[in-house]
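Here's data12.tsv, which has TSV, C-alpha atoms and all ligand atoms:
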```tsv
chain	number	residue	atom	x	y	z
K	1	MET	CA	-17.11	-4.06	-16.67
K	2	ALA	CA	-14.40	-5.29	-14.28
K	3	LYS	CA	-12.24	-7.90	-16.01
K	4	GLY	CA	-9.08	-9.88	-15.32
K	5	VAL	CA	-7.42	-11.48	-12.32
K	6	TRP	CA	-4.64	-9.40	-10.78
K	7	ILE	CA	-2.00	-10.13	-8.19
K	8	VAL	CA	0.39	-7.94	-6.24
K	9	ALA	CA	3.81	-9.61	-6.54
K	10	GLU	CA	6.17	-9.41	-3.58
K	11	GLN	CA	9.91	-9.23	-4.01
K	12	ARG	CA	12.72	-8.76	-1.55
K	13	ASP	CA	16.50	-8.68	-1.77
K	14	GLY	CA	16.50	-9.07	-5.53
K	15	ALA	CA	14.20	-12.11	-5.73
K	16	LEU	CA	10.51	-12.81	-6.00
K	17	ARG	CA	9.09	-14.29	-2.84
K	18	LYS	CA	7.70	-17.80	-3.21
K	19	VAL	CA	4.23	-16.59	-2.24
K	20	SER	CA	4.20	-14.41	-5.39
K	21	LEU	CA	4.42	-17.58	-7.48
K	22	GLU	CA	1.65	-19.17	-5.39
K	23	LEU	CA	-0.48	-16.10	-6.12
K	24	ALA	CA	0.35	-16.34	-9.84
K	25	SER	CA	-0.53	-20.07	-9.97
K	26	THR	CA	-3.84	-19.50	-8.18
K	27	ALA	CA	-4.71	-16.45	-10.28
K	28	ARG	CA	-4.09	-18.53	-13.42
K	29	LYS	CA	-6.58	-21.16	-12.24
K	30	LEU	CA	-9.23	-18.52	-11.49
K	31	ALA	CA	-8.60	-16.69	-14.77
K	32	ASP	CA	-8.96	-19.89	-16.77
K	33	GLN	CA	-12.36	-20.45	-15.16
K	34	LEU	CA	-13.36	-16.87	-16.03
K	35	GLY	CA	-11.78	-16.92	-19.50
K	36	ASP	CA	-9.65	-13.93	-18.47
K	37	GLU	CA	-6.04	-12.79	-18.35
K	38	VAL	CA	-3.73	-12.75	-15.33
K	39	SER	CA	-1.84	-9.54	-14.59
K	40	ALA	CA	0.69	-8.84	-11.87
K	41	VAL	CA	1.79	-5.53	-10.37
K	42	LEU	CA	5.50	-5.56	-9.68
K	43	LEU	CA	7.14	-2.60	-7.97
K	44	GLY	CA	10.80	-2.10	-7.17
K	45	SER	CA	14.11	-0.97	-8.53
K	46	GLY	CA	15.92	-3.16	-11.08
K	47	VAL	CA	13.26	-5.88	-10.93
K	48	GLU	CA	12.38	-6.30	-14.62
K	49	ALA	CA	14.00	-9.74	-14.87
K	50	MET	CA	11.41	-11.07	-12.39
K	51	ALA	CA	8.62	-10.61	-14.95
K	52	ALA	CA	9.73	-13.72	-16.85
K	53	GLU	CA	9.47	-15.84	-13.70
K	54	LEU	CA	5.94	-14.61	-13.10
K	55	GLY	CA	5.19	-15.57	-16.71
K	56	LYS	CA	6.40	-19.08	-15.99
K	57	TYR	CA	3.66	-19.41	-13.36
K	58	GLY	CA	0.86	-18.18	-15.60
K	59	VAL	CA	1.02	-14.37	-15.64
K	60	ASP	CA	0.14	-12.86	-19.01
K	61	LYS	CA	1.06	-9.25	-18.26
K	62	VAL	CA	3.29	-7.63	-15.66
K	63	TYR	CA	2.58	-3.99	-14.80
K	64	LEU	CA	6.01	-2.83	-13.76
K	65	ALA	CA	6.99	0.44	-12.09
K	66	ASP	CA	10.72	0.76	-11.64
K	67	ASN	CA	11.48	3.48	-9.15
K	68	PRO	CA	13.88	3.78	-6.19
K	69	ALA	CA	10.87	5.01	-4.17
K	70	PHE	CA	9.73	1.36	-4.03
K	71	GLU	CA	12.95	0.11	-2.38
K	72	PRO	CA	12.50	-0.74	0.38
K	73	TYR	CA	8.76	-1.33	0.63
K	74	THR	CA	6.65	1.39	2.19
K	75	THR	CA	2.86	1.27	2.54
K	76	ASP	CA	2.63	4.80	1.25
K	77	ALA	CA	4.45	4.41	-2.07
K	78	TYR	CA	3.06	0.95	-2.83
K	79	ALA	CA	-0.54	1.89	-2.03
K	80	GLN	CA	-0.39	5.01	-4.19
K	81	ALA	CA	1.07	3.18	-7.20
K	82	ILE	CA	-1.19	0.13	-6.97
K	83	THR	CA	-4.34	2.18	-6.41
K	84	LYS	CA	-3.60	4.15	-9.57
K	85	VAL	CA	-2.89	1.20	-11.87
K	86	VAL	CA	-5.80	-0.85	-10.49
K	87	LYS	CA	-8.28	2.02	-10.91
K	88	GLU	CA	-7.12	2.55	-14.49
K	89	ASN	CA	-7.52	-1.12	-15.42
K	90	ASP	CA	-10.54	-2.18	-13.34
K	91	PRO	CA	-9.73	-5.86	-12.62
K	92	ALA	CA	-12.43	-8.22	-11.36
K	93	VAL	CA	-10.17	-9.90	-8.78
K	94	LEU	CA	-7.13	-8.61	-6.88
K	95	LEU	CA	-5.06	-11.11	-4.86
K	96	LEU	CA	-2.34	-10.34	-2.31
K	97	ALA	CA	-0.28	-12.48	0.02
K	98	ALA	CA	-1.40	-12.74	3.65
K	99	SER	CA	2.22	-11.98	4.56
K	100	ALA	CA	3.41	-9.15	6.80
K	101	GLN	CA	3.74	-6.88	3.76
K	102	GLY	CA	0.51	-8.07	2.15
K	103	LYS	CA	-1.51	-7.55	5.33
K	104	ASP	CA	-0.11	-4.07	5.73
K	105	LEU	CA	-0.79	-3.10	2.13
K	106	ALA	CA	-4.21	-4.75	1.81
K	107	ALA	CA	-5.73	-2.65	4.57
K	108	ARG	CA	-4.70	0.55	2.77
K	109	LEU	CA	-5.87	-0.71	-0.63
K	110	VAL	CA	-9.28	-1.75	0.62
K	111	GLY	CA	-9.74	1.87	1.70
K	112	SER	CA	-8.33	3.55	-1.40
K	113	LEU	CA	-10.19	1.22	-3.79
K	114	ALA	CA	-13.37	1.38	-1.67
K	115	THR	CA	-13.97	-2.34	-1.91
K	116	GLY	CA	-14.23	-5.37	0.38
K	117	MET	CA	-11.84	-8.18	1.07
K	118	ALA	CA	-11.50	-11.69	2.51
K	119	SER	CA	-8.24	-12.04	4.42
K	120	ASP	CA	-5.92	-15.00	5.04
K	121	CYS	CA	-7.80	-17.35	2.70
K	122	THR	CA	-6.97	-21.03	2.48
K	123	ASP	CA	-9.05	-21.65	-0.66
K	124	VAL	CA	-10.53	-19.55	-3.44
K	125	LYS	CA	-12.75	-20.54	-6.36
K	126	ILE	CA	-15.05	-19.04	-8.96
K	127	VAL	CA	-18.77	-19.77	-8.63
K	128	ASP	CA	-21.17	-18.14	-11.13
K	129	GLY	CA	-18.48	-15.65	-12.11
K	130	LYS	CA	-17.85	-14.56	-8.51
K	131	LEU	CA	-14.92	-15.12	-6.21
K	132	TYR	CA	-15.71	-17.41	-3.26
K	133	CYS	CA	-13.11	-17.36	-0.50
K	134	THR	CA	-12.66	-19.88	2.32
K	135	ARG	CA	-11.00	-18.51	5.45
K	136	PRO	CA	-10.47	-19.66	9.03
K	137	MET	CA	-12.65	-17.97	11.64
K	138	TYR	CA	-12.62	-17.88	15.44
K	139	ALA	CA	-8.89	-18.63	15.55
K	140	GLY	CA	-9.26	-21.62	13.21
K	141	LYS	CA	-12.14	-23.30	15.06
K	142	CYS	CA	-14.21	-23.22	11.87
K	143	TYR	CA	-14.03	-22.10	8.26
K	144	GLY	CA	-16.31	-19.53	6.66
K	145	GLU	CA	-17.04	-18.79	3.02
K	146	VAL	CA	-16.86	-15.13	2.04
K	147	VAL	CA	-18.07	-13.49	-1.16
K	148	VAL	CA	-16.98	-9.91	-1.81
K	149	ASP	CA	-19.77	-8.05	-3.59
K	150	SER	CA	-17.75	-5.05	-4.78
K	151	PHE	CA	-14.93	-4.71	-7.33
K	152	PRO	CA	-12.14	-5.51	-7.37
K	153	GLN	CA	-12.98	-8.59	-5.30
K	154	MET	CA	-9.95	-8.58	-3.01
K	155	ALA	CA	-8.51	-11.53	-1.13
K	156	SER	CA	-5.24	-12.27	0.62
K	157	LEU	CA	-3.95	-15.85	0.39
K	158	ARG	CA	-2.16	-17.64	3.21
K	159	PRO	CA	1.44	-18.40	2.18
K	160	ASN	CA	2.46	-22.04	1.63
K	161	VAL	CA	-1.13	-23.27	1.24
K	162	PHE	CA	-1.71	-22.82	-2.50
K	163	PRO	CA	0.27	-25.09	-4.84
K	164	LEU	CA	2.81	-23.86	-7.36
K	165	VAL	CA	1.72	-24.71	-10.90
K	166	GLU	CA	3.91	-23.91	-13.87
K	167	ASN	CA	1.93	-22.64	-16.86
K	168	ALA	CA	4.13	-20.74	-19.27
K	169	LYS	CA	2.64	-17.42	-20.34
K	170	ALA	CA	4.12	-14.29	-21.83
K	171	GLY	CA	4.86	-12.34	-18.67
K	172	ALA	CA	4.86	-9.33	-21.03
K	173	VAL	CA	6.04	-6.16	-19.34
K	174	VAL	CA	3.84	-3.06	-19.36
K	175	LYS	CA	5.78	-0.19	-17.79
K	176	PHE	CA	3.95	2.48	-15.88
K	177	GLU	CA	5.14	5.50	-13.96
K	178	PRO	CA	2.81	6.45	-11.15
K	179	ALA	CA	3.10	10.12	-10.20
K	180	LEU	CA	3.65	9.63	-6.48
K	181	GLY	CA	2.24	12.31	-4.20
K	182	GLU	CA	3.78	13.27	-0.88
K	183	LEU	CA	5.31	10.21	0.81
K	184	LYS	CA	4.75	10.46	4.54
K	185	THR	CA	6.97	7.58	5.62
K	186	LYS	CA	10.65	6.98	5.09
K	187	VAL	CA	12.54	3.83	6.05
K	188	VAL	CA	15.68	4.87	7.91
K	189	GLU	CA	17.08	1.47	8.77
K	190	ILE	CA	16.29	-2.20	8.31
K	191	GLN	CA	17.49	-4.51	11.05
K	192	LYS	CA	17.88	-8.00	9.66
K	193	GLU	CA	17.65	-11.23	11.59
K	194	ALA	CA	20.91	-13.07	12.15
K	195	SER	CA	22.15	-14.24	8.77
K	196	GLY	CA	21.19	-17.72	7.63
K	197	LYS	CA	18.12	-17.87	9.85
K	198	ILE	CA	15.00	-18.99	7.99
K	199	ASP	CA	11.85	-17.11	8.95
K	200	VAL	CA	9.13	-19.43	10.24
K	201	THR	CA	6.67	-18.13	7.64
K	202	GLU	CA	8.99	-19.23	4.83
K	203	ALA	CA	10.13	-22.57	6.25
K	204	ASN	CA	8.95	-25.87	4.77
K	205	ILE	CA	9.73	-27.62	8.04
K	206	ILE	CA	9.32	-26.13	11.53
K	207	VAL	CA	10.50	-27.69	14.76
K	208	SER	CA	8.68	-25.78	17.46
K	209	GLY	CA	9.12	-25.77	21.21
K	210	GLY	CA	6.87	-24.72	24.06
K	211	ARG	CA	6.95	-24.52	27.83
K	212	GLY	CA	7.83	-28.21	27.91
K	213	MET	CA	11.34	-27.23	26.75
K	214	LYS	CA	11.93	-26.11	30.38
K	215	GLY	CA	14.44	-23.37	29.50
K	216	PRO	CA	16.18	-21.47	26.68
K	217	GLU	CA	19.33	-23.61	26.83
K	218	ASN	CA	17.40	-26.72	25.76
K	219	TYR	CA	16.37	-25.28	22.39
K	220	VAL	CA	19.74	-26.41	21.09
K	221	ILE	CA	18.23	-29.87	20.49
K	222	LEU	CA	15.49	-28.34	18.34
K	223	GLU	CA	18.01	-26.18	16.51
K	224	GLU	CA	20.09	-29.23	15.67
K	225	LEU	CA	17.09	-31.15	14.31
K	226	ALA	CA	15.81	-28.11	12.38
K	227	ALA	CA	19.25	-27.53	10.83
K	228	LEU	CA	19.48	-31.16	9.68
K	229	LEU	CA	16.02	-30.93	8.11
K	230	GLY	CA	16.71	-27.52	6.55
K	231	GLY	CA	13.93	-25.99	8.64
K	232	ALA	CA	13.35	-23.27	11.20
K	233	VAL	CA	12.72	-23.25	14.95
K	234	GLY	CA	9.37	-21.93	16.14
K	235	ALA	CA	7.96	-21.34	19.60
K	236	SER	CA	4.73	-21.07	21.54
K	237	ARG	CA	3.82	-17.85	23.25
K	238	ALA	CA	4.61	-19.35	26.63
K	239	ALA	CA	8.22	-19.83	25.49
K	240	VAL	CA	8.39	-16.31	24.06
K	241	ASP	CA	6.79	-14.71	27.13
K	242	ALA	CA	9.34	-16.52	29.29
K	243	GLY	CA	12.07	-14.83	27.26
K	244	TRP	CA	13.40	-18.16	25.92
K	245	ARG	CA	12.85	-17.32	22.25
K	246	PRO	CA	12.52	-14.07	20.23
K	247	GLN	CA	9.04	-12.82	19.42
K	248	SER	CA	9.77	-13.34	15.70
K	249	ASP	CA	9.65	-17.13	16.32
K	250	GLN	CA	6.19	-17.09	17.91
K	251	VAL	CA	3.54	-19.12	16.10
K	252	GLY	CA	-0.12	-18.49	16.77
K	253	GLN	CA	-2.92	-16.00	16.96
K	254	THR	CA	-0.70	-13.19	18.22
K	255	GLY	CA	2.39	-14.57	16.50
K	256	LYS	CA	2.89	-15.76	12.95
K	257	VAL	CA	0.61	-17.92	10.85
K	258	VAL	CA	2.60	-20.73	9.26
K	259	SER	CA	1.75	-23.53	6.81
K	260	PRO	CA	4.85	-25.68	6.45
K	261	ASN	CA	4.86	-29.19	5.01
K	262	LEU	CA	5.90	-30.50	8.41
K	263	TYR	CA	5.33	-28.97	11.86
K	264	ILE	CA	6.91	-30.79	14.79
K	265	ALA	CA	5.44	-29.51	18.07
K	266	CYS	CA	7.63	-30.36	21.07
K	267	GLY	CA	6.29	-29.74	24.55
K	268	ILE	CA	3.41	-27.64	23.24
K	269	SER	CA	-0.04	-28.34	24.68
K	270	GLY	CA	-2.00	-27.14	21.61
K	271	ALA	CA	-3.99	-24.21	23.00
K	272	ILE	CA	-6.49	-22.81	20.51
K	273	GLN	CA	-4.36	-19.66	20.10
K	274	HIS	CA	-1.37	-21.76	19.09
K	275	LEU	CA	-3.43	-23.95	16.74
K	276	ALA	CA	-4.67	-20.78	15.03
K	277	GLY	CA	-1.15	-20.26	13.74
K	278	MET	CA	-0.20	-23.75	12.58
K	279	SER	CA	-3.24	-25.93	11.99
K	280	SER	CA	-3.02	-25.52	8.19
K	281	SER	CA	0.40	-27.24	8.22
K	282	LYS	CA	0.35	-30.27	5.89
K	283	TYR	CA	1.65	-32.74	8.49
K	284	ILE	CA	1.68	-32.15	12.22
K	285	VAL	CA	3.78	-34.27	14.55
K	286	ALA	CA	3.30	-33.79	18.30
K	287	ILE	CA	5.73	-34.88	20.98
K	288	ASN	CA	4.20	-34.50	24.41
K	289	LYS	CA	4.30	-36.58	27.56
K	290	ASP	CA	0.64	-35.88	28.34
K	291	PRO	CA	-1.61	-38.17	26.25
K	292	GLU	CA	-4.54	-35.82	26.92
K	293	ALA	CA	-2.79	-32.75	25.44
K	294	PRO	CA	-5.14	-31.11	22.89
K	295	ILE	CA	-2.36	-30.98	20.28
K	296	PHE	CA	-2.92	-34.70	19.70
K	297	GLN	CA	-6.41	-33.96	18.35
K	298	ARG	CA	-4.84	-32.01	15.48
K	299	ALA	CA	-1.68	-34.06	15.02
K	300	ASP	CA	-1.24	-36.52	12.15
K	301	TYR	CA	1.39	-38.40	14.19
K	302	GLY	CA	1.82	-38.28	17.93
K	303	VAL	CA	4.51	-39.48	20.30
K	304	VAL	CA	3.51	-39.69	23.96
K	305	ASP	CA	6.84	-39.49	25.74
K	306	ASP	CA	9.50	-37.21	27.15
K	307	LEU	CA	10.70	-34.89	24.39
K	308	PHE	CA	14.23	-34.94	25.85
K	309	LYS	CA	14.33	-38.63	24.91
K	310	VAL	CA	12.39	-38.46	21.65
K	311	VAL	CA	14.01	-35.43	19.95
K	312	PRO	CA	17.62	-36.70	20.25
K	313	ALA	CA	16.48	-40.15	19.04
K	314	LEU	CA	14.74	-38.53	16.05
K	315	THR	CA	17.83	-36.46	15.31
K	316	ALA	CA	19.99	-39.59	15.38
K	317	GLU	CA	17.63	-41.33	12.91
K	318	VAL	CA	17.65	-38.33	10.57
K	319	LYS	CA	21.48	-38.31	10.66
K	320	LYS	CA	21.48	-41.93	9.47
K	321	LEU	CA	19.42	-40.92	6.43
K	322	LEU	CA	21.74	-38.06	5.40
K	401	LIG	C1	-5.24	-13.41	23.41
K	401	LIG	C2	-4.28	-14.55	23.47
K	401	LIG	C3	-3.40	-14.74	22.42
K	401	LIG	C4	-2.49	-15.81	22.46
K	401	LIG	N1	-1.65	-15.99	21.39
K	401	LIG	C5	-0.85	-17.07	21.37
K	401	LIG	C6	0.00	-17.34	20.27
K	401	LIG	O1	0.09	-16.58	19.29
K	401	LIG	N2	0.77	-18.46	20.29
K	401	LIG	C7	0.74	-19.34	21.34
K	401	LIG	O2	1.48	-20.34	21.30
K	401	LIG	N3	-0.03	-19.10	22.41
K	401	LIG	C8	-0.81	-17.97	22.46
K	401	LIG	N4	-1.56	-17.73	23.57
K	401	LIG	C9	-1.31	-18.54	24.78
K	401	LIG	C10	-2.01	-19.88	24.76
K	401	LIG	O3	-3.29	-19.74	25.31
K	401	LIG	C11	-1.21	-20.89	25.63
K	401	LIG	O4	-1.07	-20.36	26.92
K	401	LIG	C12	0.16	-21.20	25.09
K	401	LIG	O5	0.08	-21.57	23.73
K	401	LIG	C13	0.76	-22.35	25.90
K	401	LIG	O6	2.05	-22.62	25.46
K	401	LIG	P1	2.67	-24.08	25.63
K	401	LIG	O7	1.84	-25.05	24.90
K	401	LIG	O8	4.11	-23.97	25.27
K	401	LIG	O9	2.62	-24.29	27.20
K	401	LIG	P2	1.70	-25.25	28.07
K	401	LIG	O10	0.28	-25.07	27.77
K	401	LIG	O11	2.15	-25.06	29.47
K	401	LIG	O12	2.10	-26.71	27.57
K	401	LIG	C14	3.33	-27.29	27.80
K	401	LIG	C15	3.22	-28.73	27.31
K	401	LIG	O13	4.49	-29.36	27.43
K	401	LIG	C16	4.28	-30.71	27.81
K	401	LIG	N5	5.54	-31.16	28.40
K	401	LIG	C17	6.15	-30.72	29.53
K	401	LIG	N6	7.32	-31.34	29.71
K	401	LIG	C18	7.47	-32.20	28.68
K	401	LIG	C19	8.48	-33.13	28.30
K	401	LIG	N7	9.58	-33.28	29.01
K	401	LIG	N8	8.28	-33.87	27.20
K	401	LIG	C20	7.16	-33.74	26.45
K	401	LIG	N9	6.18	-32.87	26.74
K	401	LIG	C21	6.33	-32.10	27.84
K	401	LIG	C22	3.13	-30.67	28.78
K	401	LIG	O14	2.49	-31.91	28.85
K	401	LIG	C23	2.26	-29.59	28.15
K	401	LIG	O15	1.29	-30.15	27.29
K	401	LIG	C24	-2.46	-16.67	23.57
K	401	LIG	C25	-3.34	-16.47	24.62
K	401	LIG	C26	-4.24	-15.43	24.57
K	401	LIG	C27	-5.19	-15.23	25.73
```
Could I get this structure in the form of structure tokens?
Amino acid sequence: MAKGVWIVAEQRDGALRKVSLELASTARKLADQLGDEVSAVLLGSGVEAMAAELGKYGVDKVYLADNPAFEPYTTDAYAQAITKVVKENDPAVLLLAASAQGKDLAARLVGSLATGMASDCTDVKIVDGKLYCTRPMYAGKCYGEVVVDSFPQMASLRPNVFPLVENAKAGAVVKFEPALGELKTKVVEIQKEASGKIDVTEANIIVSGGRGMKGPENYVILEELAALLGGAVGASRAAVDAGWRPQSDQVGQTGKVVSPNLYIACGISGAIQHLAGMSSSKYIVAINKDPEAPIFQRADYGVVDDLFKVVPALTAEVKKLL
């Protein structure tokens, strides 16, 4: 019988990604309800030290495969290794991050493990021994509850939504060596973003600008505020389509899904496709000169005024606090 709650841990550039610890904390909660163990699959090269950190967030056992084939990530190598170790151990639940890597990998795993999955979940719980997943539907207009009836019950969790909970466990390492078959993809080059730039999906604070910014040169006021707050600059699709901001900054249905603690929307109307990417932010502040702009229906705090007045004033106030 399928048993245990498993996660796929993500690591990059020698460190676990925060979402891996969110997965571990959530898996711990589910496993405690089921009376089960939490296991993590960790793939990479020279990553053994990360097992202890997973243990700190409630992982009992870390299935570790140390192989240069896993650096950098490829769908091929990861899917082969994870399929093998999951089939051998038959977990009841398998959680991944709804990150770029997690989304890529999950699609392959659902096929190779012949199971079902709920993607981009914002809540998960155990009811009568089964995994119940809450996920946004119709671009965030409503939430649906999904139960996967096959094993492992797979779900991907939206980053930054699930709390980190420390819960010291062994994080005992179980090494495995998957015999990898032919690998059809090879990474030839990785082009990194300009150094120091925080990706919107990882930022705790996002200052985002839309068409109301009027032009690319004006984003400097958002960059200044974001830098003071230790956050990132995001953009609406209108701003990206106009060539004002890179596509990697776009938030929304066809951009990135973000859940920061604070999302400051400047000159963004709040179209449903934009809301789909940011409505799970903890606090939303909208600055817009149109009091009827739909963003105000989702905002926790709203300022109806010209952003070119409000943003510099806000920046000046933040400077006083630092
Ligand atoms: C299939 C599909 C997918 C899409 N995906 C996305 C997506 O991923 N992300 C996304 O963002 N959009 C997406 N869109 C586009 C979306 O529908 C909107 O067109 C877009 O979000 C509008 O961007 P905006 O709010 O910046 O511009 P607008 O809707 O033009 O809003 C500009 C706002 O700025 C305000 N403003 C102007 N000047 C000032 C000022 N000086 N001070 C204060 N406020 C000011 C105005 O009052 C207005 O509310 C998608 C659309 C489709 C059809």
Check the smallest atom-to-atom distance from each of K:Leu64, K:Leu157, K:Val59, K:Ala238 to ligand LIG 401 (chain K) using only C-alpha atoms and all ligand atoms, then report the winner.
-> K:Ala238
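Neighbours of ligand LIG 401 (chain K) at a cut-off of 6 Å, computed so that only C-alpha atoms and all ligand atoms are counted, are the residues Gly210, Arg211, Gly212, Ser236, Arg237, Ala238, Ala239, Val251, Gly252, Gln253, Thr254, Gly255, Gly267, Ile268, Ser269, Gly270, Ala271, Gln273, His274, Ile287, Asn288, Lys289, Asp290, Ala293, Asp305, Asp306, Leu307 and Phe308 of chain K.
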Quick one: distance from CA of Asn261 in chain K to CA of Gly215 in chain K in Å, one decimal?
->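 One can read the CA of Asn261 in chain K to CA of Gly215 in chain K distance as 26.9 Å.
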Which residue of K:Gln247, K:Ser112, K:Ser99, K:Ser45 approaches Ala15 in chain K most closely, using all atoms listed in the file =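 The answer is K:Ser45, which sits nearest to Ala15 in chain K.
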Find the distance between CA of Thr201 in chain K and CA of Leu131 in chain K and write it in Å to one decimal.
->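 About the pair CA of Thr201 in chain K and CA of Leu131 in chain K: they are 25.8 Å apart.
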For CA of Ile7 in chain K and CA of Ala24 in chain K, the interatomic separation in Å (one decimal) =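 Separation between CA of Ile7 in chain K and CA of Ala24 in chain K: 6.8 Å.
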Nearest-residue call for Asp199 in chain K, choices K:Val161, K:Val233, K:Ala227, K:Ala172, using all atoms listed in the file =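 Distance minimum relative to Asp199 in chain K lands on K:Val233.
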Once you count all atoms listed in the file, what closest atom pair and distance in Å to one decimal does each residue of range 150-190 of chain K within 9 Å of range 119-128 of chain K have, with rows by chain and rising residue number, as a Markdown table?
```
| residue | atom | partner | partner_atom | distance |
| --- | --- | --- | --- | --- |
| K:Met154 | CA | K:Ser119 | CA | 8.4 |
| K:Ala155 | CA | K:Ser119 | CA | 5.6 |
| K:Ser156 | CA | K:Ser119 | CA | 4.8 |
| K:Leu157 | CA | K:Cys121 | CA | 4.7 |
| K:Arg158 | CA | K:Asp120 | CA | 4.9 |
| K:Pro159 | CA | K:Asp120 | CA | 8.6 |
| K:Val161 | CA | K:Thr122 | CA | 6.4 |
| K:Phe162 | CA | K:Thr122 | CA | 7.5 |
```
So which residues touch range 38-43 of chain K within 7 Å, counting all atoms listed in the file, skipping near sequence neighbours fewer than 6 positions away, as a ChimeraX atom specification?
-> /K:4-9,27-28,31,59-66,70
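When all atoms listed in the file are used to measure the gap to Lys29 in chain K, the shortest distance among K:Gly44, K:Gly102, K:Pro163, K:Gly116 belongs to K:Pro163.
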Choose the residue, out of K:Val304, K:Glu10, K:Lys103, K:Ala49, that has the smallest atom-to-atom separation from Glu292 in chain K; count all atoms listed in the file.
-> K:Val304
Counting all atoms listed in the file, what is within 9 Å of Pro216 in chain K, bar same-chain residues fewer than 6 positions away, as a list of chain:residue names?
-> K:Ala239, K:Ala242, K:Gly243, K:Trp244, K:Arg245
Residue nearest Glu223 in chain K among K:Gly171, K:Val311, K:Lys186, K:Ala139 (counting only C-alpha atoms) =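 Ranking K:Gly171, K:Val311, K:Lys186, K:Ala139 by distance to Glu223 in chain K, first place goes to K:Val311.
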Would you pick out the contacts of range 202-207 of chain K at 12 Å or less, using only C-alpha atoms, so that residues sharing its chain but fewer than 3 positions from it are not included, and give the list as a compact mmCIF listing (two decimals) with C-alpha atoms, keeping the file's coordinate frame?
```txt
# COMPACT_ATOMS: atom_id res chain seq x y z
CA ARG K 17 9.09 -14.29 -2.84
CA LYS K 18 7.70 -17.80 -3.21
CA VAL K 19 4.23 -16.59 -2.24
CA SER K 99 2.22 -11.98 4.56
CA ALA K 100 3.41 -9.15 6.80
CA ARG K 158 -2.16 -17.64 3.21
CA PRO K 159 1.44 -18.40 2.18
CA ASN K 160 2.46 -22.04 1.63
CA VAL K 161 -1.13 -23.27 1.24
CA LYS K 197 18.12 -17.87 9.85
CA ILE K 198 15.00 -18.99 7.99
CA ASP K 199 11.85 -17.11 8.95
CA GLY K 210 6.87 -24.72 24.06
CA TYR K 219 16.37 -25.28 22.39
CA VAL K 220 19.74 -26.41 21.09
CA ILE K 221 18.23 -29.87 20.49
CA LEU K 222 15.49 -28.34 18.34
CA GLU K 223 18.01 -26.18 16.51
CA GLU K 224 20.09 -29.23 15.67
CA LEU K 225 17.09 -31.15 14.31
CA ALA K 226 15.81 -28.11 12.38
CA ALA K 227 19.25 -27.53 10.83
CA LEU K 228 19.48 -31.16 9.68
CA LEU K 229 16.02 -30.93 8.11
CA GLY K 230 16.71 -27.52 6.55
CA GLY K 231 13.93 -25.99 8.64
CA ALA K 232 13.35 -23.27 11.20
CA VAL K 233 12.72 -23.25 14.95
CA GLY K 234 9.37 -21.93 16.14
CA ALA K 235 7.96 -21.34 19.60
CA SER K 236 4.73 -21.07 21.54
CA ASP K 249 9.65 -17.13 16.32
CA GLN K 250 6.19 -17.09 17.91
CA VAL K 251 3.54 -19.12 16.10
CA LYS K 256 2.89 -15.76 12.95
CA VAL K 257 0.61 -17.92 10.85
CA VAL K 258 2.60 -20.73 9.26
CA SER K 259 1.75 -23.53 6.81
CA PRO K 260 4.85 -25.68 6.45
CA ASN K 261 4.86 -29.19 5.01
CA LEU K 262 5.90 -30.50 8.41
CA TYR K 263 5.33 -28.97 11.86
CA ILE K 264 6.91 -30.79 14.79
CA ALA K 265 5.44 -29.51 18.07
CA CYS K 266 7.63 -30.36 21.07
CA GLY K 267 6.29 -29.74 24.55
CA ILE K 268 3.41 -27.64 23.24
CA MET K 278 -0.20 -23.75 12.58
CA SER K 281 0.40 -27.24 8.22
CA LYS K 282 0.35 -30.27 5.89
CA TYR K 283 1.65 -32.74 8.49
CA ILE K 284 1.68 -32.15 12.22
CA VAL K 285 3.78 -34.27 14.55
CA ALA K 286 3.30 -33.79 18.30
CA ILE K 287 5.73 -34.88 20.98
CA VAL K 311 14.01 -35.43 19.95
CA LEU K 314 14.74 -38.53 16.05
CA THR K 315 17.83 -36.46 15.31
```
All residues 10 Å or closer to Glu166 in chain K, all atoms listed in the file, same chain fewer than 2 positions away omitted, as a list of chain:residue names =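 Listed by chain and then number, they are K:Leu21, K:Glu22, K:Ala24, K:Ser25, K:Arg28, K:Glu53, K:Leu54, K:Gly55, K:Lys56, K:Tyr57, K:Gly58, K:Pro163, K:Leu164, K:Ala168, K:Lys169.
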Write the residues you've just listed into a file as a PDB file, keeping the file's coordinate frame, and include C-alpha atoms for each of them.
```
ATOM      1  CA  LEU K  21       4.420 -17.580  -7.480  1.00  0.00           C
ATOM      2  CA  GLU K  22       1.650 -19.170  -5.390  1.00  0.00           C
ATOM      3  CA  ALA K  24       0.350 -16.340  -9.840  1.00  0.00           C
ATOM      4  CA  SER K  25      -0.530 -20.070  -9.970  1.00  0.00           C
ATOM      5  CA  ARG K  28      -4.090 -18.530 -13.420  1.00  0.00           C
ATOM      6  CA  GLU K  53       9.470 -15.840 -13.700  1.00  0.00           C
ATOM      7  CA  LEU K  54       5.940 -14.610 -13.100  1.00  0.00           C
ATOM      8  CA  GLY K  55       5.190 -15.570 -16.710  1.00  0.00           C
ATOM      9  CA  LYS K  56       6.400 -19.080 -15.990  1.00  0.00           C
ATOM     10  CA  TYR K  57       3.660 -19.410 -13.360  1.00  0.00           C
ATOM     11  CA  GLY K  58       0.860 -18.180 -15.600  1.00  0.00           C
ATOM     12  CA  PRO K 163       0.270 -25.090  -4.840  1.00  0.00           C
ATOM     13  CA  LEU K 164       2.810 -23.860  -7.360  1.00  0.00           C
ATOM     14  CA  ALA K 168       4.130 -20.740 -19.270  1.00  0.00           C
ATOM     15  CA  LYS K 169       2.640 -17.420 -20.340  1.00  0.00           C
TER      16      LYS K 169
END
```
